[in-house]
Amino acid sequence: MSIEQKPGKMMTSFLLSMIRTYLNRRSKIVIERNDTINLQPPYIILSNHVTNWDPLYLNLFVKEPISFVAGDSLFRNPLLKRVLDYTGAIPKTKFKSDTRTIRSMRKAVKHNRVIGLFPEGNRNWDGNTEPLTPATAKLIKMLNVPVIIATISGGHLSHPRWAVDHRKGLISISFVKKWDKVELTNETPETIHQMLTEALAHDEMKWQAEKQIPFIGANLAHYLERYLFVCPHCEHLGQLESNNQLFHCKNCEYTVRYTPFGTFEEGKHPLHFLTPSAWNKWQLEWLEARMSESTYTFSLKDHVKLFSADTDQPFAFICQGNLNWTEGGMTLVSDEGKSYSFAFKDLEGVNIHLHHHLEFFTDHKQYQIEFYQPRTSAYKWLQVIKTSILLDIRSANNE
């Protein structure tokens, strides 16, 4: 199958029936509104992105098979590539311009497909919609098809990106036809970007504050250190550790309990933040402030695996070794003693695949750093890279 030829109805119905049965056992799924019921393709669905199951959540309630735009890393797996090709998925290099994606989306419209796109470019970490990829506005204007805004509520709380275990609760989905064909023709890309940002905005904890729905599961705080890496009590970096429902600092014993409502309860020492989102906002501000200080130094070091890939080829293992943060870059020294250095200013398309793969382009190659030890934080490294690049830009602008 391909973009031109939709998957067979019988096979699609059979697969979705099995998936529906499985997902309904995991969570109660409620459709608040569905404007796709009588809508004929082509059209595009834009959605917030909170779990790996989002494409299936959406396609369960849309009568047409959706041709999703998916990260090209997924296509590097030969078996998964066959599945994605069968469904008509469109490969996209994350956070990097990709003309083949534009050509494929044009083809999808020509063949009356429903296109699915997650404009954040990646799953968010705290249930808050992240800044949208700016190119999305230009794509919407170019395609000139009806736009459906899908909102998934409860998805983040059912399985936070940093977590391993699923939590059973309510997932609410809405499909709202926001704009019809030609409605955005006379708008500028900047105006469309702002309109999309407002339409896709979702705050999971604000939604939860109104609903108060428990999400039940085991080991609720497990691996929260993949996301939160600075202790708010002693301000030490990399000393946080999870254990069942508890999350504590090994340096000062600051402790909180993560509840089924996605909030924190006080443990040892007064509570600093009620939610992981509020904690993260503080730690990112803390990181920028510390990295702005010329006298401040800190050590980042993790044992990782390094892979690389040429265009459209599977990742090939290079080595494993210690990844170290250096001023303006990072260096990986393999267990055999060979050194690989990457200057932050030379990296393109920096992103996290799943929760433990840091990916980027440099020297016409794609690299992947795998943080294979379960408690290590790829998110920490991503934020250090982003902050370093931001500070360099500010410094250059002030010169």
# chains A, B, ... in the order shown; residues from 1 in each chain; ligands from 1
call {"tool": "residues_around", "arguments": {"residues": "segment 263-275 of chain A", "least_positions_apart": "4", "cutoff": "10 Å", "atoms": "only C-alpha atoms", "output": "list in words"}}
result
Asp126, Met205, Gln208, Ala209, Ala221, Cys231, Pro232, His233, Gln245, Leu246, Phe247, His248, Cys252, Glu253, Tyr254, Thr255, Val256, Arg257, Tyr258, Thr259, Trp279, Asn280 and Trp282 of chain A
call {"tool": "residues_around", "arguments": {"residues": "Phe317 of chain A", "least_positions_apart": "4", "cutoff": "9 Å", "atoms": "only C-alpha atoms", "output": "list in words"}}
result
Lys305, Leu306, Phe307 and Ser308 of chain A
call {"tool": "closest_residue", "arguments": {"among": "A:Thr188, A:Thr93, A:Ser17, A:Asn322", "to": "Glu359 of chain A", "atoms": "only C-alpha atoms"}}
result
A:Thr93
call {"tool": "atom_distance", "arguments": {"atom1": "atom CA of Glu235 of chain A", "atom2": "atom CA of Leu382 of chain A"}}
result
19.2 Å
call {"tool": "residues_around", "arguments": {"residues": "Tyr367 of chain A", "least_positions_apart": "6", "cutoff": "12 Å", "atoms": "only C-alpha atoms", "output": "PyMOL selection string"}}
result
chain A and resi 73+305-311+313-319+340-342+347-353+357-361
call {"tool": "write_last_selection", "arguments": {"atoms": "C-alpha atoms", "output": "mmCIF file, in the first residue's frame"}}
result
data_model
loop_
_atom_site.group_PDB
_atom_site.id
_atom_site.type_symbol
_atom_site.label_atom_id
_atom_site.label_comp_id
_atom_site.auth_asym_id
_atom_site.auth_seq_id
_atom_site.Cartn_x
_atom_site.Cartn_y
_atom_site.Cartn_z
ATOM 1 C CA SER A 73 13.505 7.479 12.747
ATOM 2 C CA LYS A 305 25.602 4.211 23.139
ATOM 3 C CA LEU A 306 26.283 6.120 19.912
ATOM 4 C CA PHE A 307 24.700 5.338 16.537
ATOM 5 C CA SER A 308 24.739 7.043 13.136
ATOM 6 C CA ALA A 309 22.792 6.718 9.898
ATOM 7 C CA ASP A 310 22.927 7.968 6.357
ATOM 8 C CA THR A 311 19.736 9.039 4.566
ATOM 9 C CA GLN A 313 19.226 3.828 6.287
ATOM 10 C CA PRO A 314 18.912 2.022 9.655
ATOM 11 C CA PHE A 315 21.058 3.314 12.502
ATOM 12 C CA ALA A 316 24.426 1.580 12.817
ATOM 13 C CA PHE A 317 26.147 1.135 16.185
ATOM 14 C CA ILE A 318 29.408 3.073 16.546
ATOM 15 C CA CYS A 319 30.470 2.635 20.148
ATOM 16 C CA TYR A 340 33.791 11.984 19.325
ATOM 17 C CA SER A 341 33.040 15.692 19.777
ATOM 18 C CA PHE A 342 29.872 17.575 18.844
ATOM 19 C CA LEU A 347 23.743 20.521 15.491
ATOM 20 C CA GLU A 348 20.468 20.565 13.551
ATOM 21 C CA GLY A 349 17.113 18.990 14.304
ATOM 22 C CA VAL A 350 17.969 18.208 17.925
ATOM 23 C CA ASN A 351 15.152 16.192 19.491
ATOM 24 C CA ILE A 352 14.338 13.234 21.734
ATOM 25 C CA HIS A 353 12.951 10.064 20.186
ATOM 26 C CA HIS A 357 17.237 8.664 22.381
ATOM 27 C CA LEU A 358 18.819 12.060 21.718
ATOM 28 C CA GLU A 359 18.922 12.632 17.950
ATOM 29 C CA PHE A 360 20.533 15.336 15.822
ATOM 30 C CA PHE A 361 22.092 16.042 12.426
#
call {"tool": "select_by_dssp", "arguments": {"residues": "segment 31-230 of chain A", "states": "alpha helix (DSSP H)", "output": "VMD selection string"}}
result
chain A and resid 54 to 59 72 to 75 78 to 87 99 to 110 135 to 143 155 to 158 189 to 200 204 to 211
call {"tool": "closest_residue", "arguments": {"among": "A:Pro41, A:Gly262, A:Pro134, A:Gly238", "to": "Ile213 of chain A", "atoms": "only C-alpha atoms"}}
result
A:Gly262
call {"tool": "atom_distance", "arguments": {"atom1": "atom CA of Leu56 of chain A", "atom2": "atom CA of Tyr43 of chain A"}}
result
17.7 Å
call {"tool": "residues_around", "arguments": {"residues": "Pro65 of chain A", "least_positions_apart": "4", "cutoff": "8 Å", "atoms": "only C-alpha atoms", "output": "list in words"}}
result
Lys6, Pro7, Thr12, Asn59, Thr87, Arg113 and Val114 of chain A
call {"tool": "closest_residue", "arguments": {"among": "A:Asp203, A:Glu327, A:Glu241, A:Glu130", "to": "Phe229 of chain A", "atoms": "only C-alpha atoms"}}
result
A:Glu241
call {"tool": "closest_atom_pairs", "arguments": {"of": "segment 149-222 of chain A", "to": "segment 120-124 of chain A", "cutoff": "9 Å", "atoms": "only C-alpha atoms", "output": "CSV"}}
result
residue,atom,partner,partner_atom,distance
A:His156,CA,A:Asn124,CA,8.4
A:Pro160,CA,A:Asn124,CA,8.8
A:Arg161,CA,A:Asn124,CA,7.3
call {"tool": "write_last_selection", "arguments": {"atoms": "C-alpha atoms", "output": "compact mmCIF listing (two decimals), in the first residue's frame"}}
result
# COMPACT_ATOMS: atom_id res chain seq x y z
CA HIS A 156 -0.61 12.54 29.42
CA PRO A 160 3.49 10.45 31.03
CA ARG A 161 6.40 10.43 28.63
call {"tool": "residues_around", "arguments": {"residues": "Ile66 of chain A", "least_positions_apart": "6", "cutoff": "12 Å", "atoms": "only C-alpha atoms", "output": "PyMOL selection string"}}
result
chain A and resi 2-3+5-7+12+36+41-46+54-60+84+86-90+105+108-109+112-117
call {"tool": "write_last_selection", "arguments": {"atoms": "C-alpha atoms", "output": "mmCIF file, in the first residue's frame"}}
result
data_model
loop_
_atom_site.group_PDB
_atom_site.id
_atom_site.type_symbol
_atom_site.label_atom_id
_atom_site.label_comp_id
_atom_site.auth_asym_id
_atom_site.auth_seq_id
_atom_site.Cartn_x
_atom_site.Cartn_y
_atom_site.Cartn_z
ATOM 1 C CA SER A 2 0.983 3.657 -0.257
ATOM 2 C CA ILE A 3 -0.379 7.181 -0.112
ATOM 3 C CA GLN A 5 -3.885 3.401 -2.305
ATOM 4 C CA LYS A 6 -5.760 3.272 0.995
ATOM 5 C CA PRO A 7 -5.573 0.124 3.177
ATOM 6 C CA THR A 12 -8.598 -1.858 8.520
ATOM 7 C CA THR A 36 -15.304 14.238 11.001
ATOM 8 C CA PRO A 41 -11.617 13.871 2.460
ATOM 9 C CA PRO A 42 -9.237 15.387 1.745
ATOM 10 C CA TYR A 43 -8.779 17.200 5.047
ATOM 11 C CA ILE A 44 -6.117 17.454 7.726
ATOM 12 C CA ILE A 45 -6.289 16.634 11.441
ATOM 13 C CA LEU A 46 -3.962 18.563 13.748
ATOM 14 C CA ASP A 54 -2.183 9.056 19.835
ATOM 15 C CA PRO A 55 -2.403 7.996 16.155
ATOM 16 C CA LEU A 56 -4.510 4.982 17.159
ATOM 17 C CA TYR A 57 -6.707 7.007 19.524
ATOM 18 C CA LEU A 58 -7.526 9.321 16.625
ATOM 19 C CA ASN A 59 -7.965 6.735 13.878
ATOM 20 C CA LEU A 60 -10.390 4.696 16.004
ATOM 21 C CA LEU A 84 3.941 2.600 8.081
ATOM 22 C CA TYR A 86 1.027 0.066 4.346
ATOM 23 C CA THR A 87 -0.962 2.773 6.126
ATOM 24 C CA GLY A 88 0.355 5.528 3.863
ATOM 25 C CA ALA A 89 2.398 7.246 6.573
ATOM 26 C CA ILE A 90 4.498 10.228 5.496
ATOM 27 C CA MET A 105 1.339 15.710 1.625
ATOM 28 C CA ALA A 108 -2.137 12.717 -0.164
ATOM 29 C CA VAL A 109 -4.485 15.618 -0.903
ATOM 30 C CA ASN A 112 -8.295 12.275 -1.190
ATOM 31 C CA ARG A 113 -6.530 11.109 1.952
ATOM 32 C CA VAL A 114 -7.021 12.295 5.509
ATOM 33 C CA ILE A 115 -3.680 13.649 6.771
ATOM 34 C CA GLY A 116 -2.746 13.446 10.452
ATOM 35 C CA LEU A 117 -0.144 15.811 11.868
#
call {"tool": "closest_residue", "arguments": {"among": "A:Met195, A:Met142, A:Lys301, A:Glu370", "to": "Gln320 of chain A", "atoms": "only C-alpha atoms"}}
result
A:Glu370
call {"tool": "select_by_dssp", "arguments": {"residues": "segment 89-140 of chain A", "states": "strand (DSSP E)", "output": "list in words"}}
result
Ile90, Pro91, Lys92, Val114, Ile115, Gly116 and Leu117 of chain A
call {"tool": "residues_around", "arguments": {"residues": "Ile192 of chain A", "least_positions_apart": "4", "cutoff": "10 Å", "atoms": "only C-alpha atoms", "output": "VMD selection string"}}
result
chain A and resid 134 136 to 138 140 to 141 184 to 188 196 to 198
call {"tool": "write_last_selection", "arguments": {"atoms": "C-alpha atoms", "output": "mmCIF file, in the first residue's frame"}}
result
data_model
loop_
_atom_site.group_PDB
_atom_site.id
_atom_site.type_symbol
_atom_site.label_atom_id
_atom_site.label_comp_id
_atom_site.auth_asym_id
_atom_site.auth_seq_id
_atom_site.Cartn_x
_atom_site.Cartn_y
_atom_site.Cartn_z
ATOM 1 C CA PRO A 134 6.520 27.183 12.407
ATOM 2 C CA THR A 136 2.931 23.984 9.930
ATOM 3 C CA ALA A 137 1.233 27.291 9.153
ATOM 4 C CA LYS A 138 2.766 27.387 5.668
ATOM 5 C CA ILE A 140 -1.908 24.535 6.065
ATOM 6 C CA LYS A 141 -2.017 27.534 3.742
ATOM 7 C CA LEU A 184 -7.192 30.697 5.497
ATOM 8 C CA THR A 185 -6.213 31.606 1.939
ATOM 9 C CA ASN A 186 -5.819 35.334 2.623
ATOM 10 C CA GLU A 187 -4.139 34.963 6.027
ATOM 11 C CA THR A 188 -0.382 35.313 6.467
ATOM 12 C CA LEU A 196 -3.076 27.293 15.353
ATOM 13 C CA THR A 197 -1.229 27.951 18.617
ATOM 14 C CA GLU A 198 -4.448 29.134 20.256
#
call {"tool": "residues_around", "arguments": {"residues": "Ser174 of chain A", "least_positions_apart": "4", "cutoff": "9 Å", "atoms": "only C-alpha atoms", "output": "MDAnalysis selection string"}}
result
chainID A and resid 30:35 149:153
call {"tool": "write_last_selection", "arguments": {"atoms": "N, CA and C atoms", "output": "short mmCIF file (atom, residue, chain, number, x, y, z; two decimals), in the first residue's frame"}}
result
data_model
loop_
_atom_site.label_atom_id
_atom_site.label_comp_id
_atom_site.auth_asym_id
_atom_site.auth_seq_id
_atom_site.Cartn_x
_atom_site.Cartn_y
_atom_site.Cartn_z
N VAL A 30 -13.73 8.62 25.90
CA VAL A 30 -14.96 9.37 25.67
C VAL A 30 -14.74 10.35 24.52
N ILE A 31 -15.67 10.39 23.56
CA ILE A 31 -15.60 11.34 22.46
C ILE A 31 -16.55 12.50 22.78
N GLU A 32 -15.98 13.67 23.02
CA GLU A 32 -16.77 14.84 23.36
C GLU A 32 -17.47 15.44 22.14
N ARG A 33 -16.80 15.37 21.01
CA ARG A 33 -17.35 15.94 19.77
C ARG A 33 -16.58 15.34 18.60
N ASN A 34 -17.28 15.09 17.49
CA ASN A 34 -16.61 14.51 16.33
C ASN A 34 -17.17 15.11 15.04
N ASP A 35 -16.49 16.14 14.53
CA ASP A 35 -16.92 16.82 13.31
C ASP A 35 -16.44 16.12 12.05
N ILE A 149 -9.20 20.27 14.35
CA ILE A 149 -8.36 20.33 15.54
C ILE A 149 -8.80 19.23 16.50
N ALA A 150 -7.90 18.30 16.76
CA ALA A 150 -8.17 17.22 17.71
C ALA A 150 -7.48 17.53 19.03
N THR A 151 -8.19 17.34 20.12
CA THR A 151 -7.62 17.55 21.45
C THR A 151 -7.77 16.27 22.26
N ILE A 152 -6.63 15.78 22.74
CA ILE A 152 -6.61 14.57 23.59
C ILE A 152 -6.36 15.02 25.02
N SER A 153 -7.36 14.82 25.87
CA SER A 153 -7.25 15.17 27.29
C SER A 153 -7.18 13.89 28.12
#
call {"tool": "closest_residue", "arguments": {"among": "A:Ile19, A:Ala218, A:Ile369, A:Leu390", "to": "Ser292 of chain A", "atoms": "only C-alpha atoms"}}
result
A:Leu390
call {"tool": "closest_residue", "arguments": {"among": "A:Pro91, A:Gly71, A:Pro189, A:Gly155", "to": "Ala135 of chain A", "atoms": "only C-alpha atoms"}}
result
A:Pro189
call {"tool": "atom_distance", "arguments": {"atom1": "atom CA of Glu183 of chain A", "atom2": "atom CA of Ala199 of chain A"}}
result
15.1 Å
call {"tool": "decode", "arguments": {"residues": "segment 133-257 of chain A", "atoms": "C-alpha atoms", "output": "mmCIF file, in the first residue's frame"}}
result
data_model
loop_
_atom_site.group_PDB
_atom_site.id
_atom_site.type_symbol
_atom_site.label_atom_id
_atom_site.label_comp_id
_atom_site.auth_asym_id
_atom_site.auth_seq_id
_atom_site.Cartn_x
_atom_site.Cartn_y
_atom_site.Cartn_z
ATOM 1 C CA THR A 133 6.676 23.857 14.363
ATOM 2 C CA PRO A 134 6.520 27.183 12.407
ATOM 3 C CA ALA A 135 6.366 25.382 9.042
ATOM 4 C CA THR A 136 2.931 23.984 9.930
ATOM 5 C CA ALA A 137 1.233 27.291 9.153
ATOM 6 C CA LYS A 138 2.766 27.387 5.668
ATOM 7 C CA LEU A 139 1.682 23.780 5.065
ATOM 8 C CA ILE A 140 -1.908 24.535 6.065
ATOM 9 C CA LYS A 141 -2.017 27.534 3.742
ATOM 10 C CA MET A 142 -0.485 25.544 0.885
ATOM 11 C CA LEU A 143 -2.719 22.461 1.197
ATOM 12 C CA ASN A 144 -5.935 24.520 1.281
ATOM 13 C CA VAL A 145 -8.121 21.786 2.813
ATOM 14 C CA PRO A 146 -10.489 21.752 5.824
ATOM 15 C CA VAL A 147 -8.672 21.737 9.166
ATOM 16 C CA ILE A 148 -9.798 19.572 12.099
ATOM 17 C CA ILE A 149 -8.356 20.329 15.544
ATOM 18 C CA ALA A 150 -8.173 17.215 17.706
ATOM 19 C CA THR A 151 -7.623 17.552 21.451
ATOM 20 C CA ILE A 152 -6.607 14.574 23.586
ATOM 21 C CA SER A 153 -7.245 15.171 27.291
ATOM 22 C CA GLY A 154 -6.144 12.680 29.932
ATOM 23 C CA GLY A 155 -3.604 11.064 27.624
ATOM 24 C CA HIS A 156 -0.611 12.544 29.424
ATOM 25 C CA LEU A 157 -1.890 11.482 32.841
ATOM 26 C CA SER A 158 -2.588 7.968 31.544
ATOM 27 C CA HIS A 159 1.039 7.573 30.472
ATOM 28 C CA PRO A 160 3.495 10.449 31.029
ATOM 29 C CA ARG A 161 6.399 10.425 28.626
ATOM 30 C CA TRP A 162 8.875 9.810 31.417
ATOM 31 C CA ALA A 163 6.976 6.806 32.800
ATOM 32 C CA VAL A 164 7.059 3.099 31.973
ATOM 33 C CA ASP A 165 3.761 1.923 33.425
ATOM 34 C CA HIS A 166 0.281 2.818 32.151
ATOM 35 C CA ARG A 167 -2.312 4.324 34.524
ATOM 36 C CA LYS A 168 -6.006 3.569 34.049
ATOM 37 C CA GLY A 169 -8.304 6.597 33.869
ATOM 38 C CA LEU A 170 -10.359 8.686 31.457
ATOM 39 C CA ILE A 171 -9.212 9.837 28.012
ATOM 40 C CA SER A 172 -11.404 12.478 26.382
ATOM 41 C CA ILE A 173 -11.064 13.290 22.660
ATOM 42 C CA SER A 174 -12.679 15.995 20.554
ATOM 43 C CA PHE A 175 -12.556 16.621 16.789
ATOM 44 C CA VAL A 176 -13.534 20.201 15.952
ATOM 45 C CA LYS A 177 -13.728 21.485 12.367
ATOM 46 C CA LYS A 178 -11.929 24.780 12.856
ATOM 47 C CA TRP A 179 -11.524 26.052 9.304
ATOM 48 C CA ASP A 180 -13.010 25.075 5.975
ATOM 49 C CA LYS A 181 -11.270 25.061 2.621
ATOM 50 C CA VAL A 182 -10.149 28.541 1.426
ATOM 51 C CA GLU A 183 -10.891 30.149 4.823
ATOM 52 C CA LEU A 184 -7.192 30.697 5.497
ATOM 53 C CA THR A 185 -6.213 31.606 1.939
ATOM 54 C CA ASN A 186 -5.819 35.334 2.623
ATOM 55 C CA GLU A 187 -4.139 34.963 6.027
ATOM 56 C CA THR A 188 -0.382 35.313 6.467
ATOM 57 C CA PRO A 189 1.636 32.339 7.776
ATOM 58 C CA GLU A 190 2.342 34.358 10.936
ATOM 59 C CA THR A 191 -1.367 34.895 11.575
ATOM 60 C CA ILE A 192 -2.155 31.239 10.860
ATOM 61 C CA HIS A 193 0.615 30.171 13.249
ATOM 62 C CA GLN A 194 -0.931 32.248 16.024
ATOM 63 C CA MET A 195 -4.399 30.876 15.269
ATOM 64 C CA LEU A 196 -3.076 27.293 15.353
ATOM 65 C CA THR A 197 -1.229 27.951 18.617
ATOM 66 C CA GLU A 198 -4.448 29.134 20.256
ATOM 67 C CA ALA A 199 -6.544 26.309 18.781
ATOM 68 C CA LEU A 200 -4.143 23.541 19.883
ATOM 69 C CA ALA A 201 -3.397 24.918 23.350
ATOM 70 C CA HIS A 202 -4.070 22.301 26.036
ATOM 71 C CA ASP A 203 -3.073 22.346 29.702
ATOM 72 C CA GLU A 204 -3.522 18.862 31.126
ATOM 73 C CA MET A 205 -3.289 19.919 34.755
ATOM 74 C CA LYS A 206 -5.805 22.720 34.260
ATOM 75 C CA TRP A 207 -8.148 20.128 32.731
ATOM 76 C CA GLN A 208 -7.436 17.789 35.651
ATOM 77 C CA ALA A 209 -8.088 20.532 38.211
ATOM 78 C CA GLU A 210 -11.644 20.710 36.846
ATOM 79 C CA LYS A 211 -12.221 16.966 36.370
ATOM 80 C CA GLN A 212 -10.375 15.513 39.392
ATOM 81 C CA ILE A 213 -10.065 12.072 37.772
ATOM 82 C CA PRO A 214 -7.750 9.531 39.406
ATOM 83 C CA PHE A 215 -5.347 7.643 37.144
ATOM 84 C CA ILE A 216 -4.695 4.365 38.877
ATOM 85 C CA GLY A 217 -1.517 2.338 38.469
ATOM 86 C CA ALA A 218 1.554 0.925 40.165
ATOM 87 C CA ASN A 219 4.863 2.729 40.674
ATOM 88 C CA LEU A 220 3.359 6.106 39.805
ATOM 89 C CA ALA A 221 6.568 8.111 40.317
ATOM 90 C CA HIS A 222 8.808 5.539 38.672
ATOM 91 C CA TYR A 223 11.486 7.159 36.452
ATOM 92 C CA LEU A 224 10.337 10.734 37.097
ATOM 93 C CA GLU A 225 14.063 11.584 37.235
ATOM 94 C CA ARG A 226 14.078 11.264 33.433
ATOM 95 C CA TYR A 227 12.145 14.553 33.443
ATOM 96 C CA LEU A 228 12.927 16.401 36.690
ATOM 97 C CA PHE A 229 16.662 16.688 37.305
ATOM 98 C CA VAL A 230 17.210 19.650 39.701
ATOM 99 C CA CYS A 231 16.225 19.480 43.365
ATOM 100 C CA PRO A 232 14.242 22.623 44.331
ATOM 101 C CA HIS A 233 15.317 22.338 47.976
ATOM 102 C CA CYS A 234 19.118 22.069 47.744
ATOM 103 C CA GLU A 235 19.448 22.945 44.024
ATOM 104 C CA HIS A 236 21.716 19.988 43.309
ATOM 105 C CA LEU A 237 21.579 18.576 39.788
ATOM 106 C CA GLY A 238 21.256 14.856 39.081
ATOM 107 C CA GLN A 239 20.556 13.699 42.659
ATOM 108 C CA LEU A 240 16.827 12.902 42.296
ATOM 109 C CA GLU A 241 15.549 9.327 42.391
ATOM 110 C CA SER A 242 12.130 7.669 42.203
ATOM 111 C CA ASN A 243 10.830 4.721 44.211
ATOM 112 C CA ASN A 244 7.238 3.519 43.759
ATOM 113 C CA GLN A 245 5.098 6.625 44.567
ATOM 114 C CA LEU A 246 7.980 8.574 46.138
ATOM 115 C CA PHE A 247 10.444 10.967 44.539
ATOM 116 C CA HIS A 248 13.376 12.143 46.626
ATOM 117 C CA CYS A 249 16.750 13.891 46.542
ATOM 118 C CA LYS A 250 19.717 11.771 47.598
ATOM 119 C CA ASN A 251 21.615 14.894 48.669
ATOM 120 C CA CYS A 252 19.130 16.620 51.032
ATOM 121 C CA GLU A 253 16.333 14.003 51.398
ATOM 122 C CA TYR A 254 13.700 16.350 49.974
ATOM 123 C CA THR A 255 10.776 13.982 49.306
ATOM 124 C CA VAL A 256 7.392 14.211 47.587
ATOM 125 C CA ARG A 257 4.670 11.685 46.833
#
